[in-house]
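Each remark here refers to the structure printed beneath this line.
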Amino acid sequence: MNRDLAFEVAQKAKNAGVKQFVFLSSMSVYGIDSGMIDANSRLNPKSHYGKSKMQAEEMIKPLNDEKFNVAILRPPMIYGKGCKGNYPRLANLALKVPIFPEINNKRSMIYIDNLSEFVKVLIDDCNSGMFFPQNSEYVSTSEMVRTIAEVHGKKVLMTRLFNPFLRLLKTRTLNKVFGDLIYEKRMSEYKKEYNVNKFIESIQLTENMECSD
């Protein structure tokens, strides 16, 4: 599905005279759980999902020519209303726990409306190449939990008490939650603005709360 079907659809689109093909890949093609990804970072996927996305990229890219523009997007974690994955787990936690570790990590993320806007302007421009859309702000896990709680009128006490223990454990799961994983910001610049919602607004919309002006 991630590789063969994507390639077959791209081939069919080209044969039908479609001018542009946008392929949604993933940050997972880099195969890292923490650190900063820049223009020189190598692809080294660890999961079957990441490997299939990388293989699809390799098959689709050669289809690009002067009449068929191939655009490949590698977004970070995507969140929004009804999303799956890590965000709903954090949201559920934010509404249940009274305290949470305060760790100033940095994560690249993108709100679904910002990603949709990026795809729109990319299609308007009929552009080709590699793209790395993300929110204009990096977000820490602690900040996200606190913000989700606040838009529901709840308060979560942030504490550094557990930080030494978390640093000692250093499991992959904890690293995914509290480690840094970011795109270097210059990678995500585009000639048109696509971040239509700031972080606080995106959380309000995701949690189905009314945004303030």
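In the structure tokens, each chain is lettered A, B, ... as it comes, each chain's residues begin at 1, and ligands are numbered from 1 in order of appearance.
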**OP:** Do a neighbour search on Ile72 (chain A) at 10 Å with only C-alpha atoms, toss out local chain neighbours closer than 2 positions, and write the hits as a list in words.
**Re:**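 Here the qualifying residues turn out to be Phe21, Val22, Phe23, Leu24, Ser25, Ser26, Glu57, Ile60, Lys61, Asn69, Val70, Arg74, Pro75, Ser128, Gly129, Met130, Phe131 and Phe132 of chain A.
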Subject >> Neighbour list for Leu5 (chain A) as a list of chain:residue names, cut-off 12 Å, only C-alpha atoms, skip fewer than 5 positions in-chain >> reply: A:Ala10, A:Gln11, A:Lys12, A:Phe23, A:Ser52, A:Lys53, A:Gln55, A:Ala56, A:Met59, A:Ile60
**OP:** Could you pull out the residues in region 121-150 of chain A that DSSP calls strand (DSSP E or B) from the backbone, as a list in words?
**Re:**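 Filtering region 121-150 of chain A to strand (DSSP E or B) leaves Gly129, Met130, Phe131 and Val139 of chain A.
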Subject >> Sel. of alpha helix (DSSP H) residues, region 9-207 of chain A, as number ranges by chain >> reply: A: 9-15, 48-60, 86-94, 112-125, 141-151, 163-169, 172-178, 199-206
Could you dump the residues just selected with C-alpha atoms as a PDB file, in the first residue's frame?
```
ATOM      1  CA  VAL A   9      -1.119   5.787  -8.759  1.00  0.00           C
ATOM      2  CA  ALA A  10       1.749   8.136  -9.666  1.00  0.00           C
ATOM      3  CA  GLN A  11       2.333   6.247 -12.924  1.00  0.00           C
ATOM      4  CA  LYS A  12      -1.362   6.344 -13.779  1.00  0.00           C
ATOM      5  CA  ALA A  13      -1.499  10.072 -13.030  1.00  0.00           C
ATOM      6  CA  LYS A  14       1.474  10.749 -15.317  1.00  0.00           C
ATOM      7  CA  ASN A  15       0.047   8.638 -18.128  1.00  0.00           C
ATOM      8  CA  HIS A  48       8.557  -1.166   8.153  1.00  0.00           C
ATOM      9  CA  TYR A  49       6.460   1.989   7.744  1.00  0.00           C
ATOM     10  CA  GLY A  50       9.533   4.189   7.321  1.00  0.00           C
ATOM     11  CA  LYS A  51      11.170   1.714   4.933  1.00  0.00           C
ATOM     12  CA  SER A  52       8.063   1.488   2.743  1.00  0.00           C
ATOM     13  CA  LYS A  53       7.810   5.284   2.570  1.00  0.00           C
ATOM     14  CA  MET A  54      11.477   5.603   1.583  1.00  0.00           C
ATOM     15  CA  GLN A  55      11.099   2.921  -1.080  1.00  0.00           C
ATOM     16  CA  ALA A  56       8.037   4.703  -2.474  1.00  0.00           C
ATOM     17  CA  GLU A  57      10.001   7.958  -2.675  1.00  0.00           C
ATOM     18  CA  GLU A  58      12.805   6.209  -4.574  1.00  0.00           C
ATOM     19  CA  MET A  59      10.329   4.743  -7.074  1.00  0.00           C
ATOM     20  CA  ILE A  60       8.282   7.921  -7.583  1.00  0.00           C
ATOM     21  CA  ASN A  86       0.572  10.194  20.226  1.00  0.00           C
ATOM     22  CA  TYR A  87      -1.580  13.325  20.455  1.00  0.00           C
ATOM     23  CA  PRO A  88      -4.799  11.697  21.777  1.00  0.00           C
ATOM     24  CA  ARG A  89      -2.714   9.784  24.319  1.00  0.00           C
ATOM     25  CA  LEU A  90      -1.205  13.038  25.591  1.00  0.00           C
ATOM     26  CA  ALA A  91      -4.618  14.740  25.558  1.00  0.00           C
ATOM     27  CA  ASN A  92      -6.123  11.919  27.615  1.00  0.00           C
ATOM     28  CA  LEU A  93      -3.209  12.163  30.043  1.00  0.00           C
ATOM     29  CA  ALA A  94      -3.545  15.952  30.323  1.00  0.00           C
ATOM     30  CA  ILE A 112      -3.583  19.502  10.127  1.00  0.00           C
ATOM     31  CA  ASP A 113      -4.972  22.859   8.889  1.00  0.00           C
ATOM     32  CA  ASN A 114      -1.410  24.167   8.466  1.00  0.00           C
ATOM     33  CA  LEU A 115      -0.506  21.050   6.497  1.00  0.00           C
ATOM     34  CA  SER A 116      -3.647  21.411   4.372  1.00  0.00           C
ATOM     35  CA  GLU A 117      -2.746  25.022   3.615  1.00  0.00           C
ATOM     36  CA  PHE A 118       0.775  23.971   2.642  1.00  0.00           C
ATOM     37  CA  VAL A 119      -0.588  21.372   0.220  1.00  0.00           C
ATOM     38  CA  LYS A 120      -2.938  24.007  -1.218  1.00  0.00           C
ATOM     39  CA  VAL A 121      -0.201  26.556  -1.950  1.00  0.00           C
ATOM     40  CA  LEU A 122       2.034  23.778  -3.294  1.00  0.00           C
ATOM     41  CA  ILE A 123      -0.698  22.766  -5.737  1.00  0.00           C
ATOM     42  CA  ASP A 124      -1.382  26.412  -6.641  1.00  0.00           C
ATOM     43  CA  ASP A 125       2.313  26.756  -7.548  1.00  0.00           C
ATOM     44  CA  THR A 141       5.706  17.827  25.477  1.00  0.00           C
ATOM     45  CA  SER A 142       5.152  19.536  28.829  1.00  0.00           C
ATOM     46  CA  GLU A 143       3.850  22.680  27.121  1.00  0.00           C
ATOM     47  CA  MET A 144       1.441  20.625  25.053  1.00  0.00           C
ATOM     48  CA  VAL A 145       0.048  18.799  28.098  1.00  0.00           C
ATOM     49  CA  ARG A 146      -0.300  22.074  30.018  1.00  0.00           C
ATOM     50  CA  THR A 147      -2.035  23.810  27.083  1.00  0.00           C
ATOM     51  CA  ILE A 148      -4.492  20.966  26.491  1.00  0.00           C
ATOM     52  CA  ALA A 149      -5.428  21.019  30.183  1.00  0.00           C
ATOM     53  CA  GLU A 150      -5.793  24.818  30.201  1.00  0.00           C
ATOM     54  CA  VAL A 151      -8.187  24.956  27.237  1.00  0.00           C
ATOM     55  CA  ASN A 163      13.570  14.652  35.808  1.00  0.00           C
ATOM     56  CA  PRO A 164      16.676  12.904  37.227  1.00  0.00           C
ATOM     57  CA  PHE A 165      14.874   9.535  37.166  1.00  0.00           C
ATOM     58  CA  LEU A 166      13.641  10.076  33.609  1.00  0.00           C
ATOM     59  CA  ARG A 167      17.177  10.894  32.456  1.00  0.00           C
ATOM     60  CA  LEU A 168      18.493   7.720  34.095  1.00  0.00           C
ATOM     61  CA  LEU A 169      15.873   5.459  32.508  1.00  0.00           C
ATOM     62  CA  ARG A 172      13.013   4.478  23.709  1.00  0.00           C
ATOM     63  CA  THR A 173       9.449   5.290  24.762  1.00  0.00           C
ATOM     64  CA  LEU A 174      10.581   8.047  27.141  1.00  0.00           C
ATOM     65  CA  ASN A 175      12.911   9.372  24.469  1.00  0.00           C
ATOM     66  CA  LYS A 176      10.005   9.605  22.032  1.00  0.00           C
ATOM     67  CA  VAL A 177       7.972  11.546  24.598  1.00  0.00           C
ATOM     68  CA  PHE A 178      10.582  13.791  26.220  1.00  0.00           C
ATOM     69  CA  PHE A 199       0.021  26.652  18.467  1.00  0.00           C
ATOM     70  CA  ILE A 200      -2.546  27.763  21.068  1.00  0.00           C
ATOM     71  CA  GLU A 201      -5.235  28.165  18.389  1.00  0.00           C
ATOM     72  CA  SER A 202      -4.455  24.720  16.992  1.00  0.00           C
ATOM     73  CA  ILE A 203      -4.945  23.121  20.414  1.00  0.00           C
ATOM     74  CA  GLN A 204      -8.216  24.989  20.934  1.00  0.00           C
ATOM     75  CA  LEU A 205      -9.492  23.808  17.549  1.00  0.00           C
ATOM     76  CA  THR A 206      -8.273  20.248  18.101  1.00  0.00           C
TER      77      THR A 206
END
```
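Here CA of Lys84 (chain A) and CA of Glu102 (chain A) stand 24.2 Å from one another.
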Subject >> Selected residue, from A:Asn135, A:Asn127, A:Asn195, A:Thr159, that lies nearest to Phe100 (chain A) when counting only C-alpha atoms >> reply: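 Checking each of A:Asn135, A:Asn127, A:Asn195, A:Thr159 against Phe100 (chain A), counting only C-alpha atoms, the winner is A:Thr159.
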